[in-house]
Structures are given as structure tokens and as C-alpha cells.
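Heads up, data-v8.cif below (mmCIF, C-alpha atoms):
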data_upload
#
loop_
_atom_site.group_PDB
_atom_site.id
_atom_site.type_symbol
_atom_site.label_atom_id
_atom_site.label_comp_id
_atom_site.auth_asym_id
_atom_site.auth_seq_id
_atom_site.Cartn_x
_atom_site.Cartn_y
_atom_site.Cartn_z
ATOM 1 C CA MET A 26 13.438 14.686 3.185
ATOM 2 C CA VAL A 27 16.905 13.916 1.887
ATOM 3 C CA GLU A 28 17.989 10.751 0.145
ATOM 4 C CA PRO A 29 21.607 9.659 0.699
ATOM 5 C CA THR A 30 23.948 8.760 -2.109
ATOM 6 C CA ASN A 31 25.800 6.146 -0.041
ATOM 7 C CA ILE A 32 24.658 2.794 1.326
ATOM 8 C CA LEU A 33 23.167 2.663 4.819
ATOM 9 C CA PRO A 34 22.699 -0.483 6.929
ATOM 10 C CA ILE A 35 19.273 -2.098 6.968
ATOM 11 C CA THR A 36 17.495 -3.861 9.821
ATOM 12 C CA PRO A 37 18.409 -7.576 9.852
ATOM 13 C CA ILE A 38 15.556 -9.858 8.785
ATOM 14 C CA SER A 39 16.171 -11.966 11.884
ATOM 15 C CA GLU A 40 14.935 -9.122 14.097
ATOM 16 C CA LEU A 41 11.415 -9.457 12.664
ATOM 17 C CA GLN A 42 11.210 -13.211 12.110
ATOM 18 C CA HIS A 43 9.097 -13.679 15.227
ATOM 19 C CA ARG A 44 6.270 -11.561 13.821
ATOM 20 C CA PRO A 45 3.348 -13.563 12.375
ATOM 21 C CA PHE A 46 2.376 -13.066 8.747
ATOM 22 C CA PRO A 47 -0.565 -10.629 8.540
ATOM 23 C CA LYS A 48 -3.795 -11.883 7.004
ATOM 24 C CA THR A 49 -5.668 -8.580 6.744
ATOM 25 C CA ALA A 50 -4.577 -5.009 6.043
ATOM 26 C CA ALA A 51 -5.795 -1.417 5.998
ATOM 27 C CA CYS A 52 -4.328 1.805 4.608
ATOM 28 C CA LEU A 53 -4.831 5.182 6.284
ATOM 29 C CA VAL A 54 -3.925 8.140 4.075
ATOM 30 C CA ILE A 55 -3.472 11.308 6.138
ATOM 31 C CA GLY A 56 -3.484 14.743 4.549
ATOM 32 C CA ASP A 57 -5.643 17.781 3.909
ATOM 33 C CA GLU A 58 -3.981 18.077 0.482
ATOM 34 C CA ILE A 59 -5.532 14.765 -0.577
ATOM 35 C CA LEU A 60 -9.028 15.716 0.550
ATOM 36 C CA ASN A 61 -8.973 19.188 -1.039
ATOM 37 C CA GLY A 62 -7.742 17.873 -4.378
ATOM 38 C CA LYS A 63 -4.336 19.577 -4.343
ATOM 39 C CA THR A 64 -2.494 16.230 -4.384
ATOM 40 C CA ALA A 65 -3.625 12.951 -5.933
ATOM 41 C CA ASP A 66 -3.169 9.901 -3.719
ATOM 42 C CA THR A 67 -1.121 7.169 -5.382
ATOM 43 C CA ASN A 68 0.175 5.466 -2.239
ATOM 44 C CA SER A 69 -2.986 3.513 -1.473
ATOM 45 C CA GLY A 70 -2.964 2.029 -4.980
ATOM 46 C CA PHE A 71 0.662 0.981 -4.561
ATOM 47 C CA PHE A 72 -0.154 -0.552 -1.188
ATOM 48 C CA ALA A 73 -3.062 -2.480 -2.716
ATOM 49 C CA LYS A 74 -0.704 -4.102 -5.233
ATOM 50 C CA PHE A 75 1.865 -4.694 -2.495
ATOM 51 C CA CYS A 76 -0.701 -6.592 -0.424
ATOM 52 C CA PHE A 77 -2.027 -8.537 -3.406
ATOM 53 C CA ASN A 78 1.442 -9.716 -4.434
ATOM 54 C CA LEU A 79 2.156 -10.967 -0.913
ATOM 55 C CA GLY A 80 -1.218 -12.595 -0.343
ATOM 56 C CA ILE A 81 -2.460 -10.098 2.256
ATOM 57 C CA ASP A 82 -6.173 -9.310 2.146
ATOM 58 C CA LEU A 83 -6.517 -5.504 1.956
ATOM 59 C CA LYS A 84 -9.857 -4.686 3.573
ATOM 60 C CA ARG A 85 -9.935 -0.926 3.963
ATOM 61 C CA ILE A 86 -8.552 2.316 2.529
ATOM 62 C CA GLU A 87 -9.416 5.566 4.310
ATOM 63 C CA VAL A 88 -8.424 9.177 3.679
ATOM 64 C CA ILE A 89 -8.568 11.580 6.614
ATOM 65 C CA PRO A 90 -7.508 15.182 7.339
ATOM 66 C CA ASP A 91 -4.543 16.392 9.406
ATOM 67 C CA GLU A 92 -6.647 16.537 12.562
ATOM 68 C CA GLU A 93 -5.435 14.932 15.770
ATOM 69 C CA GLU A 94 -8.754 13.590 17.033
ATOM 70 C CA VAL A 95 -9.587 12.065 13.655
ATOM 71 C CA ILE A 96 -6.170 10.394 13.447
ATOM 72 C CA ILE A 97 -6.526 9.036 16.994
ATOM 73 C CA GLU A 98 -9.951 7.532 16.346
ATOM 74 C CA SER A 99 -8.885 6.044 13.020
ATOM 75 C CA VAL A 100 -5.674 4.352 14.155
ATOM 76 C CA ARG A 101 -7.296 2.876 17.252
ATOM 77 C CA ARG A 102 -10.159 1.422 15.237
ATOM 78 C CA LEU A 103 -8.010 0.100 12.394
ATOM 79 C CA SER A 104 -5.446 -1.351 14.793
ATOM 80 C CA ASN A 105 -8.211 -3.257 16.578
ATOM 81 C CA ASN A 106 -9.703 -4.648 13.376
ATOM 82 C CA PHE A 107 -6.809 -5.437 11.032
ATOM 83 C CA ASP A 108 -3.448 -7.202 11.287
ATOM 84 C CA PHE A 109 -1.344 -4.848 9.177
ATOM 85 C CA VAL A 110 -2.120 -1.115 9.135
ATOM 86 C CA VAL A 111 -0.095 1.369 7.097
ATOM 87 C CA THR A 112 -0.366 5.131 7.447
ATOM 88 C CA SER A 113 0.782 7.529 4.747
ATOM 89 C CA GLY A 114 1.652 11.163 5.352
ATOM 90 C CA GLY A 115 2.106 13.689 8.133
ATOM 91 C CA VAL A 116 5.665 12.809 9.225
ATOM 92 C CA GLY A 117 7.556 15.815 7.873
ATOM 93 C CA SER A 118 9.049 18.804 9.673
ATOM 94 C CA THR A 119 6.238 21.375 9.512
ATOM 95 C CA HIS A 120 3.504 22.316 11.970
ATOM 96 C CA ASP A 121 0.823 20.265 10.209
ATOM 97 C CA ASP A 122 2.889 17.055 10.328
ATOM 98 C CA ILE A 123 1.200 15.558 13.372
ATOM 99 C CA THR A 124 1.039 11.831 12.628
ATOM 100 C CA TYR A 125 3.732 10.734 15.108
ATOM 101 C CA SER A 126 2.354 12.858 17.950
ATOM 102 C CA SER A 127 -1.268 11.887 17.259
ATOM 103 C CA ILE A 128 -0.503 8.161 17.170
ATOM 104 C CA ALA A 129 1.559 8.515 20.350
ATOM 105 C CA ARG A 130 -1.443 10.092 22.049
ATOM 106 C CA ALA A 131 -3.750 7.397 20.669
ATOM 107 C CA PHE A 132 -1.799 4.750 22.591
ATOM 108 C CA ASN A 133 -0.764 6.898 25.585
ATOM 109 C CA LEU A 134 2.916 6.932 24.645
ATOM 110 C CA PRO A 135 5.450 9.722 25.188
ATOM 111 C CA LEU A 136 7.562 10.980 22.304
ATOM 112 C CA ASN A 137 11.326 10.408 22.250
ATOM 113 C CA TYR A 138 14.025 11.322 19.767
ATOM 114 C CA HIS A 139 15.359 8.202 18.031
ATOM 115 C CA GLN A 140 19.138 8.569 17.880
ATOM 116 C CA PRO A 141 19.820 5.988 15.118
ATOM 117 C CA THR A 142 17.373 7.832 12.850
ATOM 118 C CA MET A 143 19.018 11.165 13.676
ATOM 119 C CA ASN A 144 22.408 9.638 12.855
ATOM 120 C CA ARG A 145 21.167 8.350 9.496
ATOM 121 C CA MET A 146 19.606 11.728 8.757
ATOM 122 C CA ALA A 147 22.911 13.463 9.481
ATOM 123 C CA GLU A 148 24.770 10.969 7.296
ATOM 124 C CA ALA A 149 22.314 11.576 4.484
ATOM 125 C CA ILE A 150 22.807 15.323 4.713
ATOM 126 C CA ARG A 151 26.595 14.968 4.691
ATOM 127 C CA ASN A 152 26.445 12.934 1.507
ATOM 128 C CA THR A 153 23.828 14.838 -0.420
ATOM 129 C CA PRO A 154 24.950 16.891 -3.443
ATOM 130 C CA ARG A 155 22.843 19.697 -1.944
ATOM 131 C CA MET A 156 24.933 19.824 1.224
ATOM 132 C CA LYS A 157 25.586 23.542 0.808
ATOM 133 C CA VAL A 158 21.865 24.228 1.322
ATOM 134 C CA PHE A 159 22.234 23.073 4.940
ATOM 135 C CA ARG A 160 25.366 25.085 5.782
ATOM 136 C CA ASN A 161 23.422 28.169 6.764
ATOM 137 C CA GLU A 162 20.646 26.282 8.503
ATOM 138 C CA THR A 163 19.117 28.172 11.426
ATOM 139 C CA LYS A 164 18.615 26.707 14.879
ATOM 140 C CA GLU A 165 14.876 26.725 14.264
ATOM 141 C CA ALA A 166 15.314 24.787 11.021
ATOM 142 C CA VAL A 167 17.481 22.186 12.786
ATOM 143 C CA GLU A 168 14.838 21.712 15.478
ATOM 144 C CA ALA A 169 12.119 21.389 12.843
ATOM 145 C CA ARG A 170 14.112 18.716 11.009
ATOM 146 C CA LYS A 171 14.637 16.781 14.252
ATOM 147 C CA ARG A 172 10.856 16.374 14.501
ATOM 148 C CA MET A 173 11.172 13.729 11.776
ATOM 149 C CA ALA A 174 12.992 11.532 14.316
ATOM 150 C CA LEU A 175 10.603 12.169 17.236
ATOM 151 C CA PHE A 176 8.791 8.855 17.582
ATOM 152 C CA PRO A 177 6.324 7.305 20.014
ATOM 153 C CA GLN A 178 8.245 5.548 22.789
ATOM 154 C CA SER A 179 8.698 1.765 22.503
ATOM 155 C CA SER A 180 8.178 1.859 18.748
ATOM 156 C CA LEU A 181 9.796 -0.803 16.602
ATOM 157 C CA VAL A 182 11.923 1.164 14.135
ATOM 158 C CA VAL A 183 12.778 -0.675 10.920
ATOM 159 C CA PHE A 184 15.211 0.493 8.236
ATOM 160 C CA PRO A 185 14.261 -1.619 5.195
ATOM 161 C CA ASN A 186 15.961 0.396 2.464
ATOM 162 C CA GLU A 187 19.720 0.891 2.267
ATOM 163 C CA LYS A 188 19.319 4.069 0.199
ATOM 164 C CA LEU A 189 16.925 5.861 2.577
ATOM 165 C CA TRP A 190 17.545 7.223 6.058
ATOM 166 C CA VAL A 191 13.808 7.240 6.718
ATOM 167 C CA PRO A 192 12.473 4.273 8.728
ATOM 168 C CA ILE A 193 9.144 2.529 9.066
ATOM 169 C CA VAL A 194 7.964 3.184 12.617
ATOM 170 C CA ILE A 195 5.752 0.431 14.050
ATOM 171 C CA VAL A 196 3.455 1.306 16.970
ATOM 172 C CA ASN A 197 1.091 -0.954 18.911
ATOM 173 C CA ASP A 198 2.587 -3.922 17.034
ATOM 174 C CA ASN A 199 0.637 -3.342 13.807
ATOM 175 C CA ILE A 200 0.513 0.390 12.956
ATOM 176 C CA HIS A 201 3.234 1.035 10.353
ATOM 177 C CA ILE A 202 3.929 4.759 9.949
ATOM 178 C CA LEU A 203 5.300 5.821 6.555
ATOM 179 C CA PRO A 204 5.901 9.179 4.835
ATOM 180 C CA GLY A 205 3.457 10.422 2.241
ATOM 181 C CA VAL A 206 6.074 11.282 -0.402
ATOM 182 C CA PRO A 207 5.385 8.584 -3.033
ATOM 183 C CA GLY A 208 9.036 7.805 -3.764
ATOM 184 C CA LEU A 209 9.771 7.265 -0.066
ATOM 185 C CA PHE A 210 6.534 5.364 0.561
ATOM 186 C CA ARG A 211 7.241 2.973 -2.297
ATOM 187 C CA GLY A 212 10.918 2.586 -1.472
ATOM 188 C CA LEU A 213 10.184 1.713 2.146
ATOM 189 C CA LEU A 214 7.350 -0.711 1.373
ATOM 190 C CA SER A 215 9.313 -2.431 -1.372
ATOM 191 C CA GLY A 216 12.166 -2.942 1.057
ATOM 192 C CA TYR A 217 9.811 -4.143 3.779
ATOM 193 C CA SER A 218 8.481 -7.019 1.673
ATOM 194 C CA LYS A 219 11.547 -9.112 2.576
ATOM 195 C CA TYR A 220 10.409 -9.124 6.204
ATOM 196 C CA LEU A 221 7.030 -10.634 5.267
ATOM 197 C CA SER A 222 6.887 -14.291 4.287
ATOM 198 C CA GLY A 223 4.553 -17.238 4.633
ATOM 199 C CA GLY A 224 1.427 -15.876 2.995
ATOM 200 C CA LYS A 225 -0.781 -17.830 0.620
ATOM 201 C CA LYS A 226 -0.628 -15.807 -2.580
ATOM 202 C CA TYR A 227 -3.435 -15.116 -4.994
ATOM 203 C CA VAL A 228 -3.903 -16.659 -8.409
ATOM 204 C CA ARG A 229 -5.778 -14.583 -10.966
ATOM 205 C CA ARG A 230 -6.832 -15.077 -14.581
ATOM 206 C CA PHE A 231 -8.311 -12.584 -17.048
ATOM 207 C CA ILE A 232 -10.727 -13.018 -19.937
ATOM 208 C CA LYS A 233 -11.397 -10.372 -22.547
ATOM 209 C CA THR A 234 -14.639 -10.200 -24.482
ATOM 210 C CA TYR A 235 -16.300 -7.725 -26.807
ATOM 211 C CA GLN A 236 -19.748 -8.815 -25.656
ATOM 212 C CA PRO A 237 -21.661 -6.134 -23.681
ATOM 213 C CA GLU A 238 -21.551 -6.632 -19.927
ATOM 214 C CA SER A 239 -25.318 -7.094 -19.728
ATOM 215 C CA PHE A 240 -25.051 -9.985 -22.206
ATOM 216 C CA ILE A 241 -22.492 -11.875 -20.145
ATOM 217 C CA ALA A 242 -23.985 -11.082 -16.719
ATOM 218 C CA PRO A 243 -26.211 -14.218 -16.521
ATOM 219 C CA VAL A 244 -23.274 -16.466 -17.395
ATOM 220 C CA LEU A 245 -21.045 -14.907 -14.744
ATOM 221 C CA THR A 246 -23.799 -15.084 -12.131
ATOM 222 C CA ASP A 247 -24.281 -18.787 -12.838
ATOM 223 C CA PHE A 248 -20.569 -19.540 -12.547
ATOM 224 C CA GLN A 249 -20.176 -17.464 -9.373
ATOM 225 C CA GLU A 250 -22.983 -19.393 -7.692
ATOM 226 C CA LYS A 251 -21.214 -22.673 -8.483
ATOM 227 C CA LEU A 252 -17.803 -21.447 -7.330
ATOM 228 C CA LYS A 253 -18.584 -19.470 -4.176
ATOM 229 C CA ASP A 254 -17.977 -22.414 -1.837
ATOM 230 C CA ILE A 255 -14.417 -22.962 -3.072
ATOM 231 C CA GLY A 256 -13.371 -19.333 -2.786
ATOM 232 C CA ILE A 257 -13.145 -18.242 -6.424
ATOM 233 C CA LYS A 258 -14.416 -14.693 -7.008
ATOM 234 C CA ILE A 259 -15.542 -13.452 -10.419
ATOM 235 C CA GLY A 260 -15.561 -9.780 -11.368
ATOM 236 C CA SER A 261 -16.325 -7.919 -14.590
ATOM 237 C CA TYR A 262 -14.882 -4.565 -15.614
ATOM 238 C CA PRO A 263 -16.187 -2.733 -18.692
ATOM 239 C CA LYS A 264 -13.754 -0.599 -20.690
ATOM 240 C CA LEU A 265 -14.640 2.090 -23.178
ATOM 241 C CA THR A 266 -12.597 4.190 -25.582
ATOM 242 C CA ARG A 267 -13.742 6.469 -28.393
ATOM 243 C CA ASN A 268 -14.057 3.653 -30.883
ATOM 244 C CA LYS A 269 -13.883 0.441 -28.872
ATOM 245 C CA ALA A 270 -15.656 -1.232 -25.965
ATOM 246 C CA TRP A 271 -14.836 -4.476 -24.189
ATOM 247 C CA VAL A 272 -15.123 -6.230 -20.850
ATOM 248 C CA VAL A 273 -12.356 -7.793 -18.783
ATOM 249 C CA VAL A 274 -13.531 -10.648 -16.568
ATOM 250 C CA SER A 275 -11.373 -11.498 -13.567
ATOM 251 C CA LEU A 276 -11.191 -14.817 -11.696
ATOM 252 C CA LEU A 277 -9.464 -14.612 -8.328
ATOM 253 C CA ALA A 278 -8.630 -17.125 -5.590
ATOM 254 C CA ARG A 279 -5.983 -17.925 -3.030
ATOM 255 C CA GLU A 280 -3.416 -20.448 -4.194
ATOM 256 C CA THR A 281 -4.086 -22.837 -1.314
ATOM 257 C CA ASN A 282 -3.320 -25.980 -3.356
ATOM 258 C CA SER A 283 -2.848 -27.240 -6.916
ATOM 259 C CA GLN A 284 -6.534 -28.099 -7.218
ATOM 260 C CA VAL A 285 -7.497 -24.422 -6.863
ATOM 261 C CA VAL A 286 -5.102 -23.450 -9.661
ATOM 262 C CA GLU A 287 -6.432 -26.222 -11.898
ATOM 263 C CA LYS A 288 -10.028 -25.228 -11.154
ATOM 264 C CA ILE A 289 -9.462 -21.561 -11.947
ATOM 265 C CA GLU A 290 -7.692 -22.464 -15.202
ATOM 266 C CA GLN A 291 -10.528 -24.780 -16.228
ATOM 267 C CA THR A 292 -13.195 -22.247 -15.283
ATOM 268 C CA ALA A 293 -11.474 -19.467 -17.229
ATOM 269 C CA LYS A 294 -11.559 -21.615 -20.360
ATOM 270 C CA GLU A 295 -15.237 -22.479 -19.852
ATOM 271 C CA ILE A 296 -16.267 -18.869 -19.282
ATOM 272 C CA ALA A 297 -14.220 -17.661 -22.266
ATOM 273 C CA GLU A 298 -16.044 -20.128 -24.500
ATOM 274 C CA LYS A 299 -19.501 -19.134 -23.250
ATOM 275 C CA ILE A 300 -18.975 -15.366 -23.580
ATOM 276 C CA SER A 301 -17.069 -15.438 -26.886
ATOM 277 C CA GLY A 302 -13.951 -14.266 -25.127
ATOM 278 C CA PHE A 303 -10.306 -15.185 -24.887
ATOM 279 C CA ILE A 304 -7.849 -15.502 -22.029
ATOM 280 C CA ILE A 305 -5.258 -12.732 -21.717
ATOM 281 C CA GLU A 306 -2.030 -12.958 -19.720
ATOM 282 C CA ASP A 307 -2.378 -9.669 -17.890
ATOM 283 C CA SER A 308 -5.006 -6.949 -17.802
ATOM 284 C CA GLU A 309 -2.443 -4.202 -17.127
ATOM 285 C CA SER A 310 -1.952 -3.466 -20.835
ATOM 286 C CA GLU A 311 -5.730 -3.266 -21.236
ATOM 287 C CA ILE A 312 -5.976 -0.881 -18.295
ATOM 288 C CA ILE A 313 -3.137 1.318 -19.558
ATOM 289 C CA GLU A 314 -4.778 1.576 -22.977
ATOM 290 C CA PHE A 315 -8.083 2.403 -21.342
ATOM 291 C CA GLU A 316 -6.718 5.052 -18.973
ATOM 292 C CA LYS A 317 -5.130 6.980 -21.842
ATOM 293 C CA THR A 318 -8.539 8.050 -23.051
ATOM 294 C CA ASN A 319 -11.055 7.514 -20.274
ATOM 295 C CA ASN A 320 -11.793 7.535 -16.589
ATOM 296 C CA ASN A 321 -11.310 3.913 -15.457
ATOM 297 C CA SER A 322 -14.110 3.224 -12.987
ATOM 298 C CA LYS A 323 -16.447 0.377 -12.200
ATOM 299 C CA LEU A 324 -19.986 1.160 -13.345
#

Let me see whether you can do it: turn the structure in this file into C-alpha cells.
Amino acid sequence: MVEPTNILPITPISELQHRPFPKTAACLVIGDEILNGKTADTNSGFFAKFCFNLGIDLKRIEVIPDEEEVIIESVRRLSNNFDFVVTSGGVGSTHDDITYSSIARAFNLPLNYHQPTMNRMAEAIRNTPRMKVFRNETKEAVEARKRMALFPQSSLVVFPNEKLWVPIVIVNDNIHILPGVPGLFRGLLSGYSKYLSGGKKYVRRFIKTYQPESFIAPVLTDFQEKLKDIGIKIGSYPKLTRNKAWVVVSLLARETNSQVVEKIEQTAKEIAEKISGFIIEDSESEIIEFEKTNNNSKL
């Protein structure tokens, strides 16, 4: 896929204002290369943060092969169960890029070339520094490239990023089809955030302690029992390096009102005192330090 060097028009926000804010989400990663270990999936992690920052409850992440029947079953099921479904991968120009055609079949839709996408693609090619690569393009190569603009009929096609010709193709009202290339996936999703508003965002606080997780477990269990009715979730995540071990405790809730924020702040202070810990602003620095030397996984 080619990125343009000029600015392309984006879809006006007003065209999507009628769409309700999604409460739940799922991510469907499509690709044999993910399942056989050739390529590491980073898109689902980016989507998880995207949902968290907007206040969307991500419920499911699935990875499936480039197989039509599997794609059909997955998109039908996820579309029926979640408000906002994103697919990643399988929208390129080669024979194994079958996401558009499989999703079209899943919802009994024909495939049609989308002229605005083809126009943007042509504009991108004209303005790329690598233009000379396309001068000797064969007829077969042109037809293969056109497959990237062959969408299920009646799709809602959104151009959220002025620097990308690639769109987000929305089928069955809630299936959002995106490319698997991480730079494109992130660029499109980041641009799409402006079309989503009205969600109740999350509030989260972190506590760091050098006490072993088994030592603090009874305290956390006691607090979770007291807080479950008001929607505050407590999690603990042990970290280990060659010469240091600690636990990060997370408190998470939706910011429905000021009382929830006050309660989570108060609880964080109480837990920190009981487990000989201290409140930290953000666990990202802790995670980065941890990942440099170890495999970061929940025990």
C-alpha cells in the first residue's frame, strides 16, 4: 500500500454523527502469518488502548487464519454480540487477501469497486516518490491493485486520515475492516477517534509495592468484596527482573460521576497503606522497564 505525500480530504464528522456510541468491542485479527509465528500481532494491543481511552469495553480478541469459512463464522458471531467490531488484515492485493470477499459473503452482499477509493489510490501513486516503480506496471498488477478497492456493496466507507488513501470499510453497521499493516491500522484508528464521542471514560490508579503478591492477596480480596457493587475492579500484576521484584496493583472504574473518582482515590490510598506501597502516576514506565528483561505475563 502506498502513502501519499499530499493532503487528501477526510470524511466529514457530520456524516457519522447519527451513529450511537459503542459500548462493547471486539477485535478480529486475520492472518496465517500471525498464527504460524512469522509476524507478531501488535494491532490488537493498540486497539485495546484505543478502546480504553475512549471508554469502550473491549470484550474479545480473536486470531484466525485466512480461511473464508472461518472468517464468515467469526464476523457473523462477533457482529451479533458486540457493538464495535474491528478486523485487521487480509485487504491487500494478493490471492490470500480474502477479507473483503469473505465478509461480503457472510452478509450476502455483492462486491463493487469503490470509485472514490480508486481515485485516492491513483492520487497517492501520482504523488509518491516511488512513482517510477509503477510506470512499467503490467495489466495483471493493475487488476491486483484494484482489488484493494473492491468492497462489499452498501458499505459505509470512511476516510479518517488525510495522509492515507486507505479507508475504513464498515459492513453490517458495526464491522470495521482495516488493513493489517500496523502503520496503516494505527493511522486509520487514530483518525477514526474523532467520529466517536459520548462515552464514559475509565479512571485508573496504580499502586506499587515490593511485598510478594501472596502477602497482599488477602488485602486485595477484602477490598474487592467491598467495592464490587460500585464497579471498581482491582487487579494485581507481579513484575520480575534479574535483581528486583515488585507488584503493580490496578484500580479501575468508569468515570460515571465525581463520587466514583473520589472513591477510587481514597481506596488507592488505603490499599497503599495496608500493603506498604505507594501510588504511581502511570504503570507504563514500570512495564517498559520490566519488558526489557522479562516476558510480561500474568501468572

Closest contacts (range 196-225 of chain A/range 98-101 of chain A, max 10 Å, only C-alpha atoms) as JSON lines:
{"residue": "A:Asn197", "atom": "CA", "partner": "A:Arg101", "partner_atom": "CA", "distance": 9.4}
{"residue": "A:Asn199", "atom": "CA", "partner": "A:Val100", "partner_atom": "CA", "distance": 10.0}
{"residue": "A:Ile200", "atom": "CA", "partner": "A:Val100", "partner_atom": "CA", "distance": 7.4}

Please evaluate the PyMOL selection byres ((chain A and resi 215) around 10) against the structure above and give the resulting residues as a VMD selection string. chain A and resid 71 to 72 75 185 to 186 209 to 214 216 to 219

For CA of Ile232 in chain A and CA of Leu276 in chain A, determine how far apart the two atoms are, in Å to one decimal place.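 Computed distance, CA of Ile232 in chain A to CA of Leu276 in chain A, equals 8.4 Å.
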
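With CA of Lys164 in chain A on one side and CA of Tyr125 in chain A on the other, the separation reads 21.8 Å.
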
As a check of understanding, name the residues that the PyMOL selection byres ((chain A and resi 299) around 12) selects in the supplied structure, as a ChimeraX atom specification. /A:232-234,236,240-245,247-248,292-298,300-303

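In this structure, CA of Asn78 in chain A sits 7.3 Å away from CA of Tyr227 in chain A.
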
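In terms of minimum interatomic distance to Ile289 in chain A, A:Arg230 ranks closest within A:Val272, A:Ser239, A:Glu168, A:Arg230, counting all atoms listed in the file.
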
Taking the file as shown, what set of residues would the PyMOL selection byres ((chain A and resi 40-46) around 8) give back, as a PyMOL selection string? chain A and resi 36-39+47-48+220-224

How would range 223-240 of chain A look with N, CA and C atoms restored, written as a PDB file, keeping the file's coordinate frame?
ATOM      1  N   GLY A 223       5.439 -16.211   4.110  1.00  0.00           N
ATOM      2  CA  GLY A 223       4.553 -17.238   4.633  1.00  0.00           C
ATOM      3  C   GLY A 223       3.111 -17.092   4.207  1.00  0.00           C
ATOM      4  N   GLY A 224       2.808 -16.065   3.424  1.00  0.00           N
ATOM      5  CA  GLY A 224       1.427 -15.876   2.995  1.00  0.00           C
ATOM      6  C   GLY A 224       1.034 -16.775   1.832  1.00  0.00           C
ATOM      7  N   LYS A 225      -0.249 -17.076   1.754  1.00  0.00           N
ATOM      8  CA  LYS A 225      -0.781 -17.830   0.620  1.00  0.00           C
ATOM      9  C   LYS A 225      -1.172 -16.829  -0.456  1.00  0.00           C
ATOM     10  N   LYS A 226      -0.434 -16.826  -1.555  1.00  0.00           N
ATOM     11  CA  LYS A 226      -0.628 -15.807  -2.580  1.00  0.00           C
ATOM     12  C   LYS A 226      -1.874 -16.068  -3.410  1.00  0.00           C
ATOM     13  N   TYR A 227      -2.251 -15.031  -4.149  1.00  0.00           N
ATOM     14  CA  TYR A 227      -3.435 -15.116  -4.994  1.00  0.00           C
ATOM     15  C   TYR A 227      -3.070 -15.643  -6.379  1.00  0.00           C
ATOM     16  N   VAL A 228      -4.024 -16.297  -7.001  1.00  0.00           N
ATOM     17  CA  VAL A 228      -3.903 -16.659  -8.409  1.00  0.00           C
ATOM     18  C   VAL A 228      -5.058 -15.961  -9.124  1.00  0.00           C
ATOM     19  N   ARG A 229      -4.767 -15.359 -10.258  1.00  0.00           N
ATOM     20  CA  ARG A 229      -5.778 -14.583 -10.966  1.00  0.00           C
ATOM     21  C   ARG A 229      -5.656 -14.820 -12.463  1.00  0.00           C
ATOM     22  N   ARG A 230      -6.792 -14.927 -13.129  1.00  0.00           N
ATOM     23  CA  ARG A 230      -6.832 -15.077 -14.581  1.00  0.00           C
ATOM     24  C   ARG A 230      -7.806 -14.051 -15.155  1.00  0.00           C
ATOM     25  N   PHE A 231      -7.496 -13.597 -16.392  1.00  0.00           N
ATOM     26  CA  PHE A 231      -8.311 -12.584 -17.048  1.00  0.00           C
ATOM     27  C   PHE A 231      -8.865 -13.111 -18.372  1.00  0.00           C
ATOM     28  N   ILE A 232     -10.085 -12.692 -18.658  1.00  0.00           N
ATOM     29  CA  ILE A 232     -10.727 -13.018 -19.937  1.00  0.00           C
ATOM     30  C   ILE A 232     -11.203 -11.711 -20.552  1.00  0.00           C
ATOM     31  N   LYS A 233     -10.947 -11.559 -21.832  1.00  0.00           N
ATOM     32  CA  LYS A 233     -11.397 -10.372 -22.547  1.00  0.00           C
ATOM     33  C   LYS A 233     -12.486 -10.766 -23.529  1.00  0.00           C
ATOM     34  N   THR A 234     -13.554  -9.955 -23.546  1.00  0.00           N
ATOM     35  CA  THR A 234     -14.639 -10.200 -24.482  1.00  0.00           C
ATOM     36  C   THR A 234     -15.170  -8.876 -25.008  1.00  0.00           C
ATOM     37  N   TYR A 235     -15.680  -8.920 -26.229  1.00  0.00           N
ATOM     38  CA  TYR A 235     -16.300  -7.725 -26.807  1.00  0.00           C
ATOM     39  C   TYR A 235     -17.814  -7.765 -26.660  1.00  0.00           C
ATOM     40  N   GLN A 236     -18.319  -8.757 -25.947  1.00  0.00           N
ATOM     41  CA  GLN A 236     -19.748  -8.815 -25.656  1.00  0.00           C
ATOM     42  C   GLN A 236     -20.107  -7.751 -24.613  1.00  0.00           C
ATOM     43  N   PRO A 237     -21.257  -7.102 -24.710  1.00  0.00           N
ATOM     44  CA  PRO A 237     -21.661  -6.134 -23.681  1.00  0.00           C
ATOM     45  C   PRO A 237     -21.785  -6.809 -22.315  1.00  0.00           C
ATOM     46  N   GLU A 238     -21.535  -6.056 -21.271  1.00  0.00           N
ATOM     47  CA  GLU A 238     -21.551  -6.632 -19.927  1.00  0.00           C
ATOM     48  C   GLU A 238     -22.920  -7.223 -19.583  1.00  0.00           C
ATOM     49  N   SER A 239     -23.976  -6.573 -20.025  1.00  0.00           N
ATOM     50  CA  SER A 239     -25.318  -7.094 -19.728  1.00  0.00           C
ATOM     51  C   SER A 239     -25.565  -8.448 -20.389  1.00  0.00           C
ATOM     52  N   PHE A 240     -24.890  -8.707 -21.514  1.00  0.00           N
ATOM     53  CA  PHE A 240     -25.051  -9.985 -22.206  1.00  0.00           C
ATOM     54  C   PHE A 240     -24.383 -11.123 -21.412  1.00  0.00           C
TER      55      PHE A 240
END
